[in-house]
$ cat my_file14.tsv   # TSV, C-alpha atoms
chain	number	residue	atom	x	y	z
A	717	MET	CA	1.95	-59.13	10.09
A	718	GLU	CA	-0.48	-56.92	12.01
A	719	PRO	CA	-1.20	-53.28	11.13
A	720	ILE	CA	-0.79	-50.41	13.58
A	721	GLU	CA	-3.63	-48.64	11.76
A	722	ILE	CA	-6.52	-50.51	10.18
A	723	ASP	CA	-8.70	-47.48	9.45
A	724	SER	CA	-9.04	-47.38	5.66
A	725	LYS	CA	-9.36	-43.59	5.84
A	726	GLU	CA	-5.78	-43.25	7.07
A	727	PRO	CA	-3.33	-42.51	4.24
A	728	LEU	CA	-0.62	-44.77	5.71
A	729	VAL	CA	-1.14	-48.22	7.21
A	730	ILE	CA	2.00	-49.57	8.91
A	731	TYR	CA	2.74	-53.24	9.55
A	732	GLN	CA	5.38	-53.91	12.19
A	733	ASN	CA	7.87	-56.72	12.42
A	734	ASP	CA	8.72	-58.22	15.80
A	735	TYR	CA	12.19	-56.89	16.63
A	736	GLN	CA	14.08	-55.75	19.72
A	737	ASP	CA	16.87	-53.45	18.50
A	738	LYS	CA	15.19	-50.09	17.87
A	739	GLY	CA	18.44	-48.70	16.46
A	740	LYS	CA	17.93	-50.80	13.33
A	741	GLN	CA	14.31	-49.78	12.87
A	742	THR	CA	13.57	-49.46	9.14
A	743	LEU	CA	10.42	-48.42	7.29
A	744	VAL	CA	9.63	-49.14	3.64
A	745	ILE	CA	6.77	-47.03	2.27
A	746	PHE	CA	4.92	-48.42	-0.76
A	747	VAL	CA	2.88	-46.08	-3.00
A	748	HIS	CA	0.64	-47.49	-5.76
A	749	GLY	CA	0.12	-45.99	-9.21
A	750	LEU	CA	-2.77	-44.75	-11.32
A	751	SER	CA	-5.89	-46.91	-10.72
A	752	GLY	CA	-4.01	-48.94	-8.11
A	753	SER	CA	-4.62	-49.47	-4.41
A	754	ARG	CA	-2.43	-49.92	-1.39
A	755	PHE	CA	-2.90	-53.70	-1.14
A	756	ASP	CA	-3.82	-55.04	-4.60
A	757	THR	CA	-0.94	-53.31	-6.38
A	758	TRP	CA	1.83	-55.01	-4.40
A	759	GLN	CA	0.33	-58.34	-3.30
A	760	LYS	CA	3.17	-60.33	-1.60
A	761	PHE	CA	5.99	-57.82	-2.15
A	762	PRO	CA	5.76	-56.23	1.35
A	763	GLN	CA	5.23	-59.61	3.03
A	764	PHE	CA	8.35	-61.07	1.41
A	765	LEU	CA	10.45	-58.12	2.59
A	766	GLN	CA	9.29	-58.53	6.17
A	767	GLU	CA	9.91	-62.25	6.15
A	768	GLU	CA	13.48	-61.86	4.89
A	769	LEU	CA	14.48	-58.61	6.62
A	770	PRO	CA	13.51	-58.87	10.29
A	771	TYR	CA	14.00	-55.18	11.08
A	772	VAL	CA	11.76	-53.89	8.31
A	773	ASP	CA	8.30	-52.42	8.88
A	774	VAL	CA	6.20	-51.76	5.79
A	775	GLY	CA	3.90	-48.79	5.24
A	776	MET	CA	1.11	-49.11	2.70
A	777	TYR	CA	0.11	-45.67	1.40
A	778	GLU	CA	-3.11	-44.88	-0.45
A	779	TYR	CA	-4.34	-41.74	-2.18
A	780	ALA	CA	-7.36	-40.84	-4.31
A	781	THR	CA	-6.82	-41.75	-7.93
A	782	ALA	CA	-8.62	-42.68	-11.14
A	783	ARG	CA	-12.27	-43.69	-10.59
A	784	SER	CA	-12.34	-42.59	-6.95
A	785	ARG	CA	-11.80	-39.00	-8.12
A	786	PHE	CA	-14.87	-38.93	-10.38
A	787	PHE	CA	-17.29	-39.05	-7.47
A	788	ARG	CA	-15.80	-36.51	-5.07
A	789	LYS	CA	-13.68	-33.41	-4.99
A	790	THR	CA	-10.06	-34.42	-4.38
A	791	PRO	CA	-6.72	-32.57	-4.36
A	792	LYS	CA	-4.52	-32.31	-7.43
A	793	VAL	CA	-1.49	-34.60	-7.65
A	794	PRO	CA	1.01	-31.94	-6.39
A	795	ASP	CA	-1.22	-31.38	-3.34
A	796	GLN	CA	-1.45	-35.12	-2.74
A	797	ALA	CA	2.34	-35.32	-2.99
A	798	GLN	CA	2.51	-32.65	-0.28
A	799	THR	CA	0.32	-34.81	1.96
A	800	LEU	CA	2.67	-37.73	1.34
A	801	ALA	CA	5.60	-35.48	2.21
A	802	HIS	CA	4.05	-34.66	5.57
A	803	VAL	CA	3.43	-38.35	6.26
A	804	ILE	CA	7.08	-39.14	5.52
A	805	ARG	CA	8.22	-36.21	7.65
A	806	ASP	CA	6.18	-37.37	10.63
A	807	GLU	CA	7.71	-40.87	10.73
A	808	LYS	CA	10.56	-39.64	12.93
A	809	ASP	CA	11.03	-42.85	14.92
A	810	TYR	CA	12.62	-44.68	12.00
A	811	ARG	CA	16.35	-44.52	11.49
A	812	HIS	CA	16.10	-45.74	7.90
A	813	ILE	CA	13.29	-45.05	5.43
A	814	PHE	CA	13.01	-46.42	1.90
A	815	LEU	CA	10.44	-45.20	-0.62
A	816	ILE	CA	9.04	-47.53	-3.29
A	817	GLY	CA	6.61	-46.25	-5.91
A	818	HIS	CA	4.95	-47.98	-8.82
A	819	SER	CA	4.31	-45.94	-11.97
A	820	MET	CA	2.64	-42.68	-10.85
A	821	GLY	CA	3.41	-43.68	-7.26
A	822	GLY	CA	7.05	-43.00	-8.12
A	823	VAL	CA	6.07	-39.53	-9.35
A	824	MET	CA	4.25	-39.04	-6.03
A	825	HIS	CA	7.41	-39.92	-4.10
A	826	MET	CA	9.49	-37.57	-6.24
A	827	GLY	CA	6.94	-34.80	-5.73
A	828	ALA	CA	7.05	-35.37	-1.97
A	829	ILE	CA	10.84	-35.17	-1.96
A	830	GLN	CA	10.73	-31.99	-4.04
A	831	TYR	CA	8.34	-30.42	-1.54
A	832	LEU	CA	10.54	-31.37	1.43
A	833	LEU	CA	13.64	-30.03	-0.29
A	834	ARG	CA	11.90	-26.66	-0.57
A	835	THR	CA	10.37	-26.56	2.90
A	836	GLU	CA	11.87	-28.98	5.44
A	837	GLU	CA	15.01	-30.51	3.99
A	838	GLU	CA	16.06	-32.05	7.31
A	839	ALA	CA	13.03	-34.35	7.05
A	840	LEU	CA	14.95	-36.20	4.33
A	841	ASP	CA	17.84	-37.14	6.63
A	842	ASN	CA	16.60	-40.68	7.27
A	843	ILE	CA	15.62	-41.50	3.69
A	844	LYS	CA	18.17	-44.04	2.45
A	845	GLY	CA	16.83	-44.83	-1.00
A	846	LEU	CA	14.12	-44.25	-3.60
A	847	PHE	CA	12.88	-47.09	-5.83
A	848	LEU	CA	11.01	-46.16	-9.01
A	849	MET	CA	9.17	-49.16	-10.41
A	850	ALA	CA	8.11	-48.59	-14.03
A	851	THR	CA	7.79	-44.88	-13.26
A	852	PRO	CA	7.41	-42.48	-16.22
A	853	GLN	CA	9.82	-39.80	-15.05
A	854	LEU	CA	9.45	-37.97	-18.37
A	855	GLY	CA	5.79	-38.81	-18.74
A	856	SER	CA	4.28	-41.34	-21.12
A	857	ARG	CA	3.20	-40.95	-24.72
A	858	LYS	CA	1.39	-44.27	-24.41
A	859	VAL	CA	-1.30	-43.02	-22.04
A	860	PRO	CA	-4.42	-42.66	-24.26
A	861	TRP	CA	-5.32	-39.04	-25.01
A	862	LEU	CA	-8.90	-39.61	-23.82
A	863	THR	CA	-7.58	-40.82	-20.47
A	864	ARG	CA	-5.47	-37.69	-20.14
A	865	LEU	CA	-8.53	-35.59	-20.98
A	866	LEU	CA	-10.79	-37.24	-18.39
A	867	SER	CA	-8.34	-37.97	-15.57
A	868	LYS	CA	-6.65	-35.32	-13.44
A	869	ASP	CA	-3.93	-37.83	-12.60
A	870	ALA	CA	-3.20	-38.83	-16.18
A	871	ARG	CA	-2.46	-35.19	-17.04
A	872	VAL	CA	0.56	-35.42	-14.74
A	873	LEU	CA	1.77	-38.27	-16.94
A	874	TYR	CA	1.62	-36.15	-20.10
A	875	PRO	CA	5.17	-36.00	-21.54
A	876	TYR	CA	7.31	-33.11	-20.31
A	877	ASN	CA	4.50	-31.41	-18.41
A	878	ASP	CA	5.27	-28.50	-16.07
A	879	TYR	CA	5.03	-30.54	-12.86
A	880	LEU	CA	7.51	-33.17	-14.06
A	881	ASN	CA	9.82	-30.42	-15.32
A	882	GLN	CA	9.77	-28.73	-11.91
A	883	ILE	CA	10.57	-32.01	-10.15
A	884	HIS	CA	13.50	-32.75	-12.46
A	885	GLU	CA	14.91	-29.25	-12.12
A	886	THR	CA	14.83	-29.56	-8.31
A	887	PHE	CA	16.43	-33.01	-8.37
A	888	ALA	CA	19.12	-31.90	-10.82
A	889	ASN	CA	20.12	-29.03	-8.53
A	890	HIS	CA	19.83	-30.71	-5.13
A	891	ILE	CA	19.96	-34.52	-5.38
A	892	ASN	CA	22.91	-36.85	-5.90
A	893	PRO	CA	21.30	-40.10	-7.10
A	894	PHE	CA	24.48	-42.18	-7.03
A	895	ALA	CA	24.61	-44.90	-4.39
A	896	MET	CA	28.39	-44.93	-3.99
A	897	ARG	CA	29.67	-41.60	-5.35
A	898	THR	CA	29.86	-38.23	-3.64
A	899	MET	CA	28.99	-35.09	-5.54
A	900	THR	CA	29.56	-31.43	-4.85
A	901	LYS	CA	28.47	-28.26	-6.61
A	902	SER	CA	29.77	-24.83	-5.83
A	903	GLY	CA	27.29	-22.83	-3.78
A	904	LYS	CA	24.63	-25.56	-3.77
A	905	THR	CA	23.52	-28.14	-1.25
A	906	ILE	CA	23.70	-31.61	-2.79
A	907	ARG	CA	21.88	-34.27	-0.83
A	908	GLN	CA	22.87	-37.92	-1.20
A	909	LEU	CA	19.76	-39.93	-2.09
A	910	PRO	CA	20.38	-43.18	-4.00
A	911	ILE	CA	17.74	-43.72	-6.69
A	912	PHE	CA	17.05	-47.14	-8.17
A	913	VAL	CA	14.98	-47.92	-11.26
A	914	VAL	CA	13.19	-51.10	-12.31
A	915	THR	CA	11.85	-51.43	-15.86
A	916	ALA	CA	9.74	-54.19	-17.45
A	917	ASP	CA	10.54	-55.83	-20.77
A	918	ARG	CA	6.83	-55.98	-21.68
A	919	ASP	CA	5.77	-52.55	-20.44
A	920	MET	CA	3.13	-51.23	-22.83
A	921	LEU	CA	2.58	-47.97	-20.93
A	922	VAL	CA	6.02	-46.56	-20.11
A	923	ASP	CA	9.00	-46.60	-22.46
A	924	LYS	CA	12.44	-47.46	-21.13
A	925	LEU	CA	13.94	-43.99	-21.71
A	926	SER	CA	11.29	-42.32	-19.55
A	927	THR	CA	11.93	-44.59	-16.55
A	928	GLY	CA	15.41	-43.35	-15.72
A	929	PRO	CA	17.07	-40.89	-18.11
A	930	TRP	CA	19.62	-39.66	-15.58
A	931	ILE	CA	20.08	-42.69	-13.32
A	932	PRO	CA	23.39	-44.61	-13.57
A	933	THR	CA	23.18	-47.98	-15.30
A	934	SER	CA	24.41	-49.78	-12.19
A	935	GLN	CA	21.27	-48.61	-10.38
A	936	LYS	CA	18.85	-49.85	-13.04
A	937	ARG	CA	17.38	-53.32	-13.45
A	938	HIS	CA	15.48	-54.45	-16.54
A	939	VAL	CA	13.32	-57.45	-15.62
A	940	ARG	CA	10.87	-59.86	-17.16
A	941	GLY	CA	7.24	-58.90	-16.88
A	942	SER	CA	4.59	-56.31	-17.66
A	943	HIS	CA	3.98	-52.82	-16.28
A	944	THR	CA	1.99	-54.26	-13.35
A	945	SER	CA	3.38	-57.78	-12.89
A	946	ILE	CA	6.86	-56.64	-11.84
A	947	VAL	CA	5.46	-55.37	-8.53
A	948	LYS	CA	3.45	-58.54	-7.86
A	949	PRO	CA	6.11	-61.20	-7.14
A	950	ASP	CA	4.73	-64.70	-6.65
A	951	ARG	CA	7.99	-66.01	-5.21
A	952	LYS	CA	11.05	-64.62	-3.41
A	953	THR	CA	13.27	-65.33	-6.41
A	954	SER	CA	11.32	-62.98	-8.70
A	955	ASP	CA	13.74	-60.66	-10.50
A	956	ALA	CA	12.39	-57.29	-9.37
A	957	TYR	CA	11.81	-58.33	-5.76
A	958	LEU	CA	15.22	-59.94	-5.40
A	959	TRP	CA	17.00	-56.88	-6.79
A	960	VAL	CA	15.10	-54.40	-4.60
A	961	ARG	CA	15.83	-56.46	-1.48
A	962	LYS	CA	19.51	-56.63	-2.42
A	963	GLN	CA	19.76	-52.82	-2.78
A	964	ILE	CA	18.02	-52.21	0.55
A	965	VAL	CA	20.51	-54.43	2.35
A	966	ALA	CA	23.41	-52.83	0.46
A	967	CYS	CA	22.26	-49.36	1.60
A	968	VAL	CA	21.84	-50.47	5.22
A	969	PRO	CA	24.13	-53.50	5.63
A	970	ASP	CA	23.65	-53.66	9.41
A	971	LEU	CA	19.94	-54.52	9.19
A	972	SER	CA	20.99	-57.95	10.42
A	973	SER	CA	23.84	-60.36	9.81
A	974	GLU	CA	21.30	-62.96	8.79
A	975	SER	CA	19.66	-60.86	6.08
A	976	SER	CA	23.05	-59.65	4.81
A	977	ALA	CA	24.16	-63.22	4.39
A	978	GLN	CA	21.07	-64.00	2.32
A	979	VAL	CA	21.83	-61.43	-0.37
A	980	VAL	CA	23.12	-62.95	-3.60

$ encode --input "my_file14.tsv" --output "structure tokens"
Amino acid sequence: MEPIEIDSKEPLVIYQNDYQDKGKQTLVIFVHGLSGSRFDTWQKFPQFLQEELPYVDVGMYEYATARSRFFRKTPKVPDQAQTLAHVIRDEKDYRHIFLIGHSMGGVMHMGAIQYLLRTEEEALDNIKGLFLMATPQLGSRKVPWLTRLLSKDARVLYPYNDYLNQIHETFANHINPFAMRTMTKSGKTIRQLPIFVVTADRDMLVDKLSTGPWIPTSQKRHVRGSHTSIVKPDRKTSDAYLWVRKQIVACVPDLSSESSAQVV
């Protein structure tokens, strides 16, 4: 698994699989959470996907967060989400794009989608699914108040803050999160974007209600593990990994006959 970009200053590092049929070209973009990093957060998760789904490339995204923001002037989270939006928009060669975010990384993905809905909605045409891994969609009351005081990022995780409210209002008016159901609203454009949620049974930072208040039960998976361990599978039969892989193949069943046959 060799990267196209190895410059650590680049926001997105893409690893390509060896495939021939460009029509099946698929990109999965991983975004880490607060205090995370593009590689340590996910460990073998991207590697497992590439090994089992031969037409999948993985993009490892990194942004300034936590301690790295104390030593230099960095953009606010909404501005960083805009940068992510432009990165997603520019990956025009991929027919299928999936977005996976852990914790605040899920908020980043949602912020990027909100920005594109307002500015360049056609850039969302190739996005086939959004995976929110232990993401506090409503914020988290469990983030220590001192952390929220000192960290610009943690303020975005404050319950029911303005930025989260804006994101949810945009999604409620313009996004259909159901994987198999069409939705129409009079006078409004409703874009089909399946949203999947993974929650951890030992999550001490994000409560279950906050992870997916408006996502259908069939698109949620409650798994064993902690807030961080669910995105660090040590084997291909790990609950969270197996479920995410299954949903990707279900959304794009023609990735390959081999990978479709592997789904259980």

$ atom_distance --input "my_file14.tsv" --atom1 "atom CA of Tyr779 of chain A" --atom2 "atom CA of Gly827 of chain A"
13.7 Å

$ atom_distance --input "my_file14.tsv" --atom1 "atom CA of Leu958 of chain A" --atom2 "atom CA of Ala916 of chain A"
14.4 Å

$ atom_distance --input "my_file14.tsv" --atom1 "atom CA of Asp878 of chain A" --atom2 "atom CA of Ile829 of chain A"
16.6 Å

$ residues_around --input "my_file14.tsv" --residues "segment 892-896 of chain A" --least-positions-apart "4" --cutoff "10 Å" --atoms "only C-alpha atoms" --output "PyMOL selection string"
chain A and resi 844-846+887-888+900+905-912+930-932+934-935+963+966-967

$ closest_residue --input "my_file14.tsv" --among "A:His818, A:Gly928, A:Asp970, A:Lys792" --to "Phe761 of chain A" --atoms "only C-alpha atoms"
A:His818

$ closest_residue --input "my_file14.tsv" --among "A:Arg918, A:Ser926, A:Met826, A:Gln732" --to "Tyr876 of chain A" --atoms "all atoms listed in the file"
A:Ser926

$ residues_around --input "my_file14.tsv" --residues "segment 757-760 of chain A" --least-positions-apart "3" --cutoff "12 Å" --atoms "all atoms listed in the file" --output "PyMOL selection string"
chain A and resi 717+745-754+763-767+774-778+816-819+821+849+943-952+954+956-957

$ closest_residue --input "my_file14.tsv" --among "A:Ile883, A:Met920, A:Leu840, A:Val914" --to "Arg937 of chain A" --atoms "all atoms listed in the file"
A:Val914

$ closest_residue --input "my_file14.tsv" --among "A:Ala780, A:Val859, A:Leu769, A:Val803" --to "Leu728 of chain A" --atoms "all atoms listed in the file"
A:Val803

$ closest_residue --input "my_file14.tsv" --among "A:Asp917, A:Lys924, A:Val960, A:Tyr831" --to "Val939 of chain A" --atoms "only C-alpha atoms"
A:Asp917

$ closest_residue --input "my_file14.tsv" --among "A:Met820, A:Leu815, A:Val968, A:Ile804" --to "Asp869 of chain A" --atoms "only C-alpha atoms"
A:Met820

$ residues_around --input "my_file14.tsv" --residues "Thr742 of chain A" --least-positions-apart "5" --cutoff "10 Å" --atoms "all atoms listed in the file" --output "number ranges by chain"
A: 732-733, 769-774, 809-814, 842-844, 968, 971

$ decode --input "my_file14.tsv" --residues "segment 749-768 of chain A" --atoms "C-alpha atoms" --output "PDB file, in the first residue's frame"
ATOM      1  CA  GLY A 749     -10.956  13.230  15.907  1.00  0.00           C
ATOM      2  CA  LEU A 750      -9.821  15.601  18.642  1.00  0.00           C
ATOM      3  CA  SER A 751      -6.174  14.897  19.593  1.00  0.00           C
ATOM      4  CA  GLY A 752      -5.969  12.208  16.911  1.00  0.00           C
ATOM      5  CA  SER A 753      -3.783  11.874  13.827  1.00  0.00           C
ATOM      6  CA  ARG A 754      -4.256  10.493  10.367  1.00  0.00           C
ATOM      7  CA  PHE A 755      -2.385   7.228  11.008  1.00  0.00           C
ATOM      8  CA  ASP A 756      -2.492   6.477  14.754  1.00  0.00           C
ATOM      9  CA  THR A 757      -6.261   6.914  15.046  1.00  0.00           C
ATOM     10  CA  TRP A 758      -7.175   4.183  12.561  1.00  0.00           C
ATOM     11  CA  GLN A 759      -4.263   1.732  12.706  1.00  0.00           C
ATOM     12  CA  LYS A 760      -5.239  -1.290  10.511  1.00  0.00           C
ATOM     13  CA  PHE A 761      -8.753  -0.142   9.553  1.00  0.00           C
ATOM     14  CA  PRO A 762      -7.743   1.311   6.134  1.00  0.00           C
ATOM     15  CA  GLN A 763      -5.397  -1.594   5.402  1.00  0.00           C
ATOM     16  CA  PHE A 764      -8.133  -4.167   6.053  1.00  0.00           C
ATOM     17  CA  LEU A 765     -10.505  -2.366   3.681  1.00  0.00           C
ATOM     18  CA  GLN A 766      -7.953  -2.352   0.890  1.00  0.00           C
ATOM     19  CA  GLU A 767      -7.122  -6.001   1.370  1.00  0.00           C
ATOM     20  CA  GLU A 768     -10.768  -7.081   1.190  1.00  0.00           C
TER      21      GLU A 768
END
